[in-house]
Each structure stands twice: as structure tokens, then as C-alpha cells.
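Read the structure below first, then the notes.
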Number of protein chains: 2
Amino acid sequence: MRLVCECFVNAFCNLKKPVKNIKVSIIGSGNVATNIAAALFAEGVEIAQVYSRNYDNALLLAKQVNARAIQQISSLENTGDLYILAVTDNVLQDIIEQFPAVNGLVVHTSGSVSMSVLKKFKRYGVLYPLQTFSKKRKAAFLNIPLLIEASSASEESFLKDVAGHLSSKVYSADSERRLNVHLAAVFACNFANHMYVVAEKILADSGINFDFMHPLILETASKATAMSPRDAQTGPAFRGENAILEKHLSLLENFDTLKDIYIKISNHILLEKEQ
Amino acid sequence: MRLVCECFVNAFCNLKKPVKNIKVSIIGSGNVATNIAAALFAEGVEIAQVYSRNYDNALLLAKQVNARAIQQISSLENTGDLYILAVTDNVLQDIIEQFPAVNGLVVHTSGSVSMSVLKKFKRYGVLYPLQTFSKKRKAAFLNIPLLIEASSASEESFLKDVAGHLSSKVYSADSERRLNVHLAAVFACNFANHMYVVAEKILADSGINFDFMHPLILETASKATAMSPRDAQTGPAFRGENAILEKHLSLLENFDTLKDIYIKISNHILLEKEQ
């Protein structure tokens with residue numbers, strides 16, 4: 001009986017190409033492209049071609065993942081199993097228009113673009129990694145939530161397999177849900193980081209190095225993962241200490257936009273506290 | 001010669017009371033009071049009395065640090081070496097007015113209140129820990145920057161000794177500089193945390209748990225300590241992707257204040273990029 005089961009499992013598996021044997025091409029050479037390509041390559045996946053509008057960047061990335069850089073998008077071969085369009089949303093539409101007809105699965109990596117922009121392809125989908133990437137900083141994919149969506153159940157199953165090789169957190173999410181997650185990520189990541197930028201600027205004006213703020217930043221983030229950020233909220237706005245708010249605003253008197261941001265966020269902290 | 005030097009050092013040290021032999025009283029029973037009291041107690045310092053406007057809280061904290069809770073501030077004994085006023089800025093002035101005359105050093109822990117509010121005391125100063133505290137979360141003091149200020153050089157030296165027992169990062173800073181640091185901390189901690197609160201709210205509206213955002217939050221903070229947050233900045237506002245901004249704003253159409261915050265921060269991200 002056991003043997004039969006194993007045979008059945010093997011037979012079933014043989015119908016699908018193991019992820020390690022697939023061939024992937026990368027379109028883009030930015031932060032996301034570089035990190036996804038590197039992560040797949042580290043998993044033993046073949047990266048066939050790399051296309052970027054900036055050929056030098058394509059060459060650089062291709063070298064890192066043992067791939068071939070191409071100068072024209074029309075040079076993409078129709079032998080790939082997966083084409084990953086990891087480009088900024090601004091240029092995605094152009095790339096799609098120029099993209100040659102391929103039989104492989106074409107996915108984009110955007111949090112905010114609907115899957116339907118890829119509908120000219122036979123097989124398409126989305127692979128959105130919920131993380132902030134930099135070229136110079138290798139991301140540890142294992143814990144990164146990967147949101148996937150695909151044009152059919154079998155494509156979704158394939159994409160789930162690929163994503164599952166990179167991360168233990170793979171979730172199906174339609175375009176609307178993904179956009180909501182993306183908006184949340186803009187607050188939790190991009191805007192939180194901008195608060196650090198402002199802090200760095202304020203400290204620099206006082207001749208203090210930003211290193212000073214590191215333990216506070218790390219603890220604030222760590223605390224918000226150990227309890228709800230709502231319960232972790234502290235500070236003068238939360239305590240309604242208007243005298244401090246006034247002092248802070250006087251320090252910002254030459255920075256109208258910052259002053260405005262300070263007031264708006266402080267008001268919103270109180271608003272949320274009352275709910 | 002060596003012996004003479006040692007004798008001199010010993011003789012000099014004996015003039016000062018070793019930090020572990022000092023007697024400290026704590027005024028307050030909130031996040032800062034609880035964490036400072038616990039950290040001093042862990043270092044073997046005697047916590048004599050704890051006063052809080054809420055006697056039950058005073059009892060609770062006193063129990064943790066083997067101290068006596070008192071119901072009236074007038075019951076504070078004049079035998080302490082150090083009195084730490086770790087109360088919210090709103091009530092600090094009241095506490096100071098009611099405070100009995102003492103010979104020990106009286107310090108407050110506020111980032112935004114001038115040292116001069118304590119001038120009625122013989123010896124006074126400030127011990128401001130640059131960290132976010134919660135009662136339920138024991139802070140690791142060793143890496144917390146402690147900003148100190150005192151009414152004279154000898155008080156500053158004493159305070160530096162005490163602070164040096166808690167943290168390896170002790171800095172002298174006058175009230176003006178401390179206020180600047182505090183403002184920076186409000187952005188890097190309180191406002192960054194509020195960005196997490198907003199993200200949690202957006203995800204909740206989509207039925208998604210905030211856990212989902214944990215790797216992103218931790219990586220964003222970690223990245224900003226490995227490089228300047230300015231270099232770590234990513235996101236649609238930074239890339240000038242207006243089409244995404246429009247989509248996000250449409251998701252926020254029923255949340256006017258949030259929409260406003262989104263626009264203001266996005267504009268400021270671009271403004272800072274251009275500088």
C-alpha cells in the first residue's frame with residue numbers, strides 16, 4: 001500500500017516541473033528585481049535572461065545570477081517558465097506593450113497594480129513581496145509574506161510552488177486586497193521611514209548623529225510586533241500634553257510643512273485613542 | 001609609585017558614596033518610573049520610597065523593587081541621595097510645588113521640560129532616557145542613551161556615575177538640546193508607531209492580521225540603522241508614482257484626516273528627496 005502511495009505521489013509530481021528545474025527571466029534591475037533574482041538563484045533556480053532599460057544595470061544583475069543580459073526586450077526567448085516584471089509601476093505599462101508573446105507565466109511584483117494589466121498574456125499573475133528592498137542589502141526571504149494571484153487555478157498552484165521555495169509565508173490575495181495591503185505598507189514602511197528621515201534632520205540641526213536614535217527606533221518597531229501598536233503608543237500627543245506640543249511647534253516654526261505634519265499626526269493620535 | 005597611585009585613587013573614591021550604596025526614591029509609577037526603578041534595583045541600588053498619586057500603583061511598583069509606598073508626598077524622608085520625578089509633564093509642576101525640602105539630588109526625567117523648573121531645590125538635575133517604555137516590557141538599559149544635566153559640576157558628576165551604572169551611553173545635554181532630541185524622538189518613535197497604528201487599522205478593514213506587517217516593520221527599522229534613513233527611503237511617493245498615490249487616496253476617501261496625512265507626508269518625502 002505504501003509503495004502504491006509513493007508511486008502515486010511520484011507520478012503526480014512528475015506531471016509538474018520541479019521548481020528547481022524551471023527557467024526564469026527577470027525584467028528590471030532595481031531593488032525588487034535584484035533581490036528576487038538573487039533569492040531564486042540562491043535556491044538553485046536558473047535565471048536565463050535579464051532585461052533592463054539600463055543595460056549596464058542589466059549586465060550587473062545578470063553577472064550576479066549567472067544570467068545573460070539583453071539589450072532589447074524583443075530578445076526575450078520564448079523558452080522561459082516564468083517572466084518576472086519587477087519594474088516601477090510608472091514603466092510597467094510600457095514594458096507590457098513591448099513584451100513579446102511568450103508561453104510562460106508572466107507576473108508583475110507590484111502591490112498596487114491590478115493583475116488585469118497583464119491580460120494580453122496567455123498565462124499571468126502577480127507575485128508581490130511585502131518587504132522593503134535595497135540592492136545593497138540582501139533580504140532574508142524566508143519570513144517575507146508573498147502575496148500571489150494568478151489567471152487560473154493551475155497558474156496559481158505553480159506560482160505558489162515557486163513562492164513557497166522562497167518564503168514560508170505565501171498567501172493568495174486578489175488585486176483589491178493587495179492594494180489595501182500595499183497602502184498599509186506605505187504607512188508602516190515608507191512613512192515610518194520618513195519619520196526617521198525627519199528625526200535625522202532635526203538631530204543634524206543640533207549637531208547630533210542619528211546613531212543616537214537607533215535603540216529607540218529598534219525598540220519602537222520591536223514593541224509593535226510584541227503587542228498591538230495601539231497599546232504601544234506613547235508620547236506627548238497621546239497623553240494630551242499640549243504644553244509640550246507648543247514647545248515642539250515653536251522649534252518647527254521655520255518648517256511649515258513639518259509643522260503641519262506634526263499637528264495632523266498629533267491630532268490623529270488623539271482621535272484614534274478616543275475610538 | 002604604583003602603591004601611591006592606588007592609595008590616591010582609593011582615597012578619592014572614598015570621598016564619594018559608591019552608587020550601589022545610595023538611596024533613591026521614585027516619584028511616579030508609570031512606564032518611565034517603573035522601568036528606571038526596576039533597572040536601578042537590578043543594579044543593587046536601594047529604592048527607599050515610592051510615591052504616586054495613585055496609591056495602588058505605588059504599592060505595586062514598591063513591591064517590585066522592595067521599597068515602601070507612601071500615600072502623601074510630604075511623607076518623603078529627607079535621607080535620600082537621589083529623588084527621581086518620573087511623572088508626566090502635565091503633573092510635574094504640581095509635584096514640585098508639593099515636594100518637601102530635601103538635601104538629596106532631585107531630578108526629573110522629561111525630554112521637554114527645562115531643568116530650571118527644579119530650581120527651588122538645593123541640588124537638581126535631569127536624567128532623560130531616550131527610549132519608549134511600557135510597564136509590561138522590561139527595557140534593556142545598557143544601550144539606552146541617557147541625557148543628563150545638573151545644577152553644578154559635582155551634581156553632574158554624581159548623576160553621570162548613577163547613569164553610568166544603567167547605561168554605557170551617558171551624555172551631557174542642556175535643556176535646549178534635550179528638547180531638540182525629544183522632538184526628534186517624537187517623530188522617530190511616537191509618530192512612526194502611529195504609522196503602524198494606521199497600517200493595523202487599514203489591514204483590519206480588510207480582515208488581515210497585523211502580524212502580516214511584522215517582517216516589514218522590523219526590516220524598515222533595521223535598515224534605517226544600517227544606512228541613513230534618507231538612503232533607505234522607498235515607496236511610490238519617493239518614486240513620484242502619482243497613479244498609485246491616486247489609488248491609495250481613493251481607498252482613504254472616507255478618512256479625511258488620514259488622506260490629509262498621506263498627502264502631507266508624500267509631499268514632504270518628495271521635498272526632502274529634492275534637497
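A note on labels: chains of the C-alpha cells are A, B, ... as shown, every chain counts residues from 1, and ligands are counted from 1 in their shown order.
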
Subject >> Near-Thr79 (chain B) list (12 Å; only C-alpha atoms; drop same-chain fewer than 5 positions) as a list in words >> reply: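 Final neighbour list, sorted by chain and number: Ile22, Lys23, Val24, Ser25, Ile47, Ala48, Gln49, Pro100, Ala101, Val102, Asn103, Gly104 and Leu105 of chain B.
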
**OP:** Give me the residues within 7 Å of Ala185 (chain B) as a list in words, counting only C-alpha atoms and dropping any in the same chain fewer than 4 places off.
**Re:**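 Once the adjacent positions are removed, what remains is Ala199 of chain A; Val181 and Cys189 of chain B.
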
For the selection just defined, write its residues with N, CA and C atoms to a file, as a CSV table (one decimal), in the first residue's frame.
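Final output, part.csv:
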chain,number,residue,atom,x,y,z
A,199,ALA,N,13.6,62.9,11.8
A,199,ALA,CA,14.3,62.9,13.1
A,199,ALA,C,15.8,63.1,12.8
B,181,VAL,N,16.3,66.8,20.9
B,181,VAL,CA,16.4,65.4,20.8
B,181,VAL,C,15.0,64.8,21.1
B,189,CYS,N,9.8,57.8,17.1
B,189,CYS,CA,9.2,56.8,17.9
B,189,CYS,C,7.6,56.9,17.9

Original post:
Using only C-alpha atoms, which residues sit within 7 Å of Asn31 (chain A) once same-chain residues fewer than 6 positions away are excluded, as a PyMOL selection string?
Top reply: chain A and resi 133-135

Residues of the last selection are to be written out with C-alpha atoms, as an mmCIF file, in the first residue's frame.
data_model
loop_
_atom_site.group_PDB
_atom_site.id
_atom_site.type_symbol
_atom_site.label_atom_id
_atom_site.label_comp_id
_atom_site.auth_asym_id
_atom_site.auth_seq_id
_atom_site.Cartn_x
_atom_site.Cartn_y
_atom_site.Cartn_z
ATOM 1 C CA PHE A 133 14.319 46.121 -0.636
ATOM 2 C CA SER A 134 17.650 47.730 -1.385
ATOM 3 C CA LYS A 135 20.162 46.467 -3.876
#

**OP:** For each of B:Leu179, B:Ile217, B:Ala39, B:Val87, take the minimum atom-to-atom distance to Ala192 (chain B), counting only C-alpha atoms, then give the residue where this is smallest.
**Re:**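 Comparing B:Leu179, B:Ile217, B:Ala39, B:Val87 against Ala192 (chain B), the winner is B:Ile217.
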
Original post:
Mind listing as a ChimeraX atom specification which residues of chain B are within 7 Å of chain A, counting only C-alpha atoms?
Top reply: /B:90,112,130-132,143-145,177,180-181,183-199,202-203,206,212,214-218,220-222,225,229-230,233-235,241,244,248,261,264-265,269

**OP:** Apply DSSP to the backbone of this structure and, from region 147-260 of chain B, keep only the residues in strand (DSSP E); write these as a VMD selection string.
**Re:** chain B and resid 147 to 150 170 to 172

According to DSSP computed on the backbone, where in region 47-208 of chain B is there helix (DSSP H, G or I)? Give the residues as a tab-separated table (two decimals) with N, CA and C atoms, in the first residue's frame.
chain	number	residue	atom	x	y	z
B	55	TYR	N	-2.21	55.48	44.75
B	55	TYR	CA	-1.51	54.70	45.79
B	55	TYR	C	-1.40	53.22	45.42
B	56	ASP	N	-2.44	52.69	44.78
B	56	ASP	CA	-2.39	51.27	44.38
B	56	ASP	C	-1.21	51.02	43.45
B	57	ASN	N	-1.00	51.94	42.51
B	57	ASN	CA	0.13	51.80	41.59
B	57	ASN	C	1.46	51.93	42.33
B	58	ALA	N	1.49	52.82	43.32
B	58	ALA	CA	2.71	52.98	44.12
B	58	ALA	C	3.01	51.68	44.86
B	59	LEU	N	1.97	51.08	45.41
B	59	LEU	CA	2.13	49.81	46.13
B	59	LEU	C	2.69	48.73	45.20
B	60	LEU	N	2.15	48.69	44.00
B	60	LEU	CA	2.54	47.68	43.01
B	60	LEU	C	4.02	47.83	42.65
B	61	LEU	N	4.42	49.07	42.36
B	61	LEU	CA	5.81	49.30	41.99
B	61	LEU	C	6.74	49.06	43.18
B	62	ALA	N	6.31	49.57	44.35
B	62	ALA	CA	7.14	49.42	45.56
B	62	ALA	C	7.43	47.94	45.83
B	63	LYS	N	6.43	47.11	45.62
B	63	LYS	CA	6.57	45.67	45.84
B	63	LYS	C	7.66	45.09	44.92
B	64	GLN	N	7.66	45.55	43.67
B	64	GLN	CA	8.63	45.04	42.69
B	64	GLN	C	10.07	45.38	43.04
B	73	ILE	N	2.99	62.88	49.54
B	73	ILE	CA	4.32	63.28	49.09
B	73	ILE	C	5.11	63.89	50.26
B	74	SER	N	4.38	64.44	51.22
B	74	SER	CA	5.05	65.03	52.40
B	74	SER	C	5.72	63.96	53.26
B	75	SER	N	5.36	62.71	53.04
B	75	SER	CA	5.98	61.62	53.82
B	75	SER	C	7.36	61.22	53.28
B	89	ASP	N	4.62	65.34	32.17
B	89	ASP	CA	4.94	66.76	32.23
B	89	ASP	C	3.77	67.58	32.78
B	90	ASN	N	2.56	67.10	32.52
B	90	ASN	CA	1.35	67.80	32.99
B	90	ASN	C	1.28	67.93	34.50
B	91	VAL	N	1.79	66.93	35.20
B	91	VAL	CA	1.66	66.96	36.67
B	91	VAL	C	2.97	67.31	37.37
B	92	LEU	N	4.02	67.45	36.60
B	92	LEU	CA	5.34	67.71	37.19
B	92	LEU	C	5.34	68.97	38.08
B	93	GLN	N	4.73	70.03	37.58
B	93	GLN	CA	4.74	71.29	38.32
B	93	GLN	C	4.05	71.14	39.68
B	94	ASP	N	2.92	70.44	39.71
B	94	ASP	CA	2.21	70.20	40.97
B	94	ASP	C	3.09	69.44	41.95
B	95	ILE	N	3.74	68.40	41.44
B	95	ILE	CA	4.60	67.57	42.29
B	95	ILE	C	5.72	68.42	42.89
B	96	ILE	N	6.31	69.27	42.05
B	96	ILE	CA	7.41	70.12	42.52
B	96	ILE	C	6.93	71.05	43.64
B	97	GLU	N	5.74	71.62	43.45
B	97	GLU	CA	5.20	72.54	44.47
B	97	GLU	C	4.98	71.86	45.81
B	98	GLN	N	4.50	70.61	45.73
B	98	GLN	CA	4.19	69.88	46.98
B	98	GLN	C	5.42	69.21	47.60
B	115	MET	N	15.42	72.18	32.94
B	115	MET	CA	15.91	71.84	34.27
B	115	MET	C	15.51	72.90	35.29
B	116	SER	N	15.35	74.13	34.83
B	116	SER	CA	15.12	75.25	35.74
B	116	SER	C	13.83	75.13	36.55
B	117	VAL	N	12.91	74.27	36.14
B	117	VAL	CA	11.67	74.10	36.92
B	117	VAL	C	11.98	73.55	38.31
B	118	LEU	N	13.20	72.99	38.46
B	118	LEU	CA	13.56	72.38	39.75
B	118	LEU	C	14.38	73.32	40.64
B	141	PHE	N	18.51	48.54	29.60
B	141	PHE	CA	19.06	49.89	29.74
B	141	PHE	C	20.44	50.08	29.13
B	142	LEU	N	21.19	49.00	29.02
B	142	LEU	CA	22.61	49.15	28.65
B	142	LEU	C	22.84	50.01	27.40
B	143	ASN	N	21.94	49.89	26.41
B	143	ASN	CA	22.13	50.63	25.17
B	143	ASN	C	21.30	51.90	25.07
B	153	ALA	N	28.70	71.16	38.64
B	153	ALA	CA	29.59	70.13	38.10
B	153	ALA	C	29.62	68.90	39.00
B	154	SER	N	29.58	69.11	40.31
B	154	SER	CA	29.67	67.94	41.19
B	154	SER	C	28.38	67.11	41.13
B	155	GLU	N	27.23	67.79	40.96
B	155	GLU	CA	25.97	67.05	40.82
B	155	GLU	C	25.98	66.28	39.49
B	156	GLU	N	26.55	66.93	38.49
B	156	GLU	CA	26.59	66.27	37.17
B	156	GLU	C	27.47	65.02	37.24
B	157	SER	N	28.56	65.15	37.97
B	157	SER	CA	29.47	64.01	38.12
B	157	SER	C	28.76	62.86	38.84
B	158	PHE	N	28.02	63.19	39.89
B	158	PHE	CA	27.26	62.16	40.63
B	158	PHE	C	26.22	61.49	39.73
B	159	LEU	N	25.49	62.35	38.99
B	159	LEU	CA	24.43	61.83	38.11
B	159	LEU	C	25.03	60.96	37.00
B	160	LYS	N	26.20	61.36	36.52
B	160	LYS	CA	26.90	60.60	35.49
B	160	LYS	C	27.27	59.21	36.03
B	161	ASP	N	27.69	59.17	37.28
B	161	ASP	CA	28.02	57.89	37.92
B	161	ASP	C	26.79	56.98	37.98
B	162	VAL	N	25.69	57.58	38.45
B	162	VAL	CA	24.45	56.79	38.58
B	162	VAL	C	24.01	56.29	37.20
B	163	ALA	N	23.97	57.22	36.23
B	163	ALA	CA	23.53	56.88	34.87
B	163	ALA	C	24.46	55.83	34.26
B	164	GLY	N	25.76	55.97	34.56
B	164	GLY	CA	26.75	55.04	34.02
B	164	GLY	C	26.56	53.62	34.54
B	165	HIS	N	25.87	53.47	35.66
B	165	HIS	CA	25.56	52.13	36.16
B	165	HIS	C	24.42	51.48	35.39
B	166	LEU	N	23.65	52.32	34.72
B	166	LEU	CA	22.49	51.80	33.98
B	166	LEU	C	22.81	51.60	32.50
B	175	SER	N	19.14	71.89	28.45
B	175	SER	CA	17.69	71.75	28.25
B	175	SER	C	17.27	71.98	26.80
B	176	GLU	N	17.94	72.93	26.14
B	176	GLU	CA	17.57	73.26	24.75
B	176	GLU	C	17.88	72.08	23.82
B	177	ARG	N	19.06	71.52	24.00
B	177	ARG	CA	19.47	70.39	23.17
B	177	ARG	C	18.57	69.17	23.44
B	178	ARG	N	18.25	68.98	24.72
B	178	ARG	CA	17.40	67.84	25.08
B	178	ARG	C	16.03	67.98	24.43
B	179	LEU	N	15.52	69.20	24.35
B	179	LEU	CA	14.22	69.42	23.72
B	179	LEU	C	14.26	69.06	22.23
B	180	ASN	N	15.37	69.38	21.58
B	180	ASN	CA	15.54	69.01	20.17
B	180	ASN	C	15.57	67.49	20.00
B	181	VAL	N	16.29	66.84	20.88
B	181	VAL	CA	16.35	65.37	20.83
B	181	VAL	C	14.96	64.79	21.06
B	182	HIS	N	14.24	65.40	21.99
B	182	HIS	CA	12.89	64.93	22.30
B	182	HIS	C	11.96	65.06	21.08
B	183	LEU	N	12.08	66.19	20.41
B	183	LEU	CA	11.26	66.40	19.20
B	183	LEU	C	11.60	65.33	18.15
B	184	ALA	N	12.90	65.07	17.96
B	184	ALA	CA	13.31	64.04	17.01
B	184	ALA	C	12.74	62.68	17.42
B	185	ALA	N	12.73	62.42	18.72
B	185	ALA	CA	12.22	61.15	19.23
B	185	ALA	C	10.72	61.01	19.00
B	186	VAL	N	10.01	62.14	19.08
B	186	VAL	CA	8.57	62.10	18.83
B	186	VAL	C	8.31	61.62	17.39
B	187	PHE	N	9.11	62.12	16.45
B	187	PHE	CA	8.96	61.66	15.06
B	187	PHE	C	9.38	60.19	14.93
B	188	ALA	N	10.59	59.87	15.42
B	188	ALA	CA	11.15	58.53	15.18
B	188	ALA	C	10.43	57.43	15.95
B	189	CYS	N	9.82	57.80	17.06
B	189	CYS	CA	9.15	56.77	17.88
B	189	CYS	C	7.63	56.94	17.87
B	190	ASN	N	7.13	58.02	18.45
B	190	ASN	CA	5.67	58.16	18.59
B	190	ASN	C	4.96	58.21	17.24
B	191	PHE	N	5.51	59.01	16.31
B	191	PHE	CA	4.85	59.14	15.02
B	191	PHE	C	5.07	57.89	14.16
B	192	ALA	N	6.26	57.30	14.23
B	192	ALA	CA	6.49	56.05	13.49
B	192	ALA	C	5.52	54.99	14.00
B	193	ASN	N	5.36	54.92	15.32
B	193	ASN	CA	4.42	53.94	15.87
B	193	ASN	C	2.99	54.23	15.42
B	194	HIS	N	2.66	55.51	15.30
B	194	HIS	CA	1.31	55.83	14.84
B	194	HIS	C	1.10	55.39	13.38
B	195	MET	N	2.17	55.41	12.61
B	195	MET	CA	2.07	54.89	11.24
B	195	MET	C	1.73	53.39	11.28
B	196	TYR	N	2.29	52.69	12.27
B	196	TYR	CA	1.93	51.26	12.43
B	196	TYR	C	0.45	51.13	12.82
B	197	VAL	N	0.00	52.04	13.70
B	197	VAL	CA	-1.41	52.00	14.13
B	197	VAL	C	-2.33	52.14	12.91
B	198	VAL	N	-1.98	53.09	12.04
B	198	VAL	CA	-2.80	53.31	10.84
B	198	VAL	C	-2.76	52.06	9.96
B	199	ALA	N	-1.57	51.48	9.80
B	199	ALA	CA	-1.45	50.26	8.98
B	199	ALA	C	-2.31	49.14	9.56
B	200	GLU	N	-2.29	49.03	10.89
B	200	GLU	CA	-3.08	47.99	11.55
B	200	GLU	C	-4.57	48.18	11.26
B	201	LYS	N	-4.98	49.43	11.28
B	201	LYS	CA	-6.39	49.78	11.04
B	201	LYS	C	-6.78	49.44	9.60
B	202	ILE	N	-5.93	49.78	8.65
B	202	ILE	CA	-6.22	49.51	7.23
B	202	ILE	C	-6.30	48.00	7.00
B	203	LEU	N	-5.36	47.27	7.59
B	203	LEU	CA	-5.38	45.81	7.42
B	203	LEU	C	-6.62	45.20	8.06
B	204	ALA	N	-6.97	45.72	9.24
B	204	ALA	CA	-8.15	45.18	9.94
B	204	ALA	C	-9.40	45.34	9.08
B	205	ASP	N	-9.48	46.47	8.38
B	205	ASP	CA	-10.63	46.71	7.50
B	205	ASP	C	-10.69	45.67	6.37

Subject >> Residue among B:Glu77, B:Glu274, B:Asp256, B:Glu149 lying closest to Tyr171 (chain B), counting only C-alpha atoms >> reply: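 Among the listed residues, B:Glu149 lies closest to Tyr171 (chain B).
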
Original post:
Which one of B:Thr109, B:Ser250, B:Gln72, B:Gln275 sits closest to Asn35 (chain B) if you count only C-alpha atoms?
Top reply: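 Looking only at the distances to Asn35 (chain B), the closest residue turns out to be B:Thr109.
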
Original post:
Can you tell me how far CA of Leu147 (chain A) sits from CA of Val106 (chain A), in Å to one decimal?
Top reply: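 CA of Val106 (chain A) lies at a distance of 15.2 Å from CA of Leu147 (chain A).
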
Original post:
Looking at only C-alpha atoms, which of A:Gln71, A:Ile148, A:Val65, A:Glu246 is the one that sits closest to Tyr51 (chain A)?
Top reply: A:Gln71

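Between Gly44 (chain A) and the candidates A:Val19, A:Ile26, A:Ala86, A:Leu127, the tightest atom-to-atom separation, counting only C-alpha atoms, involves A:Val19.
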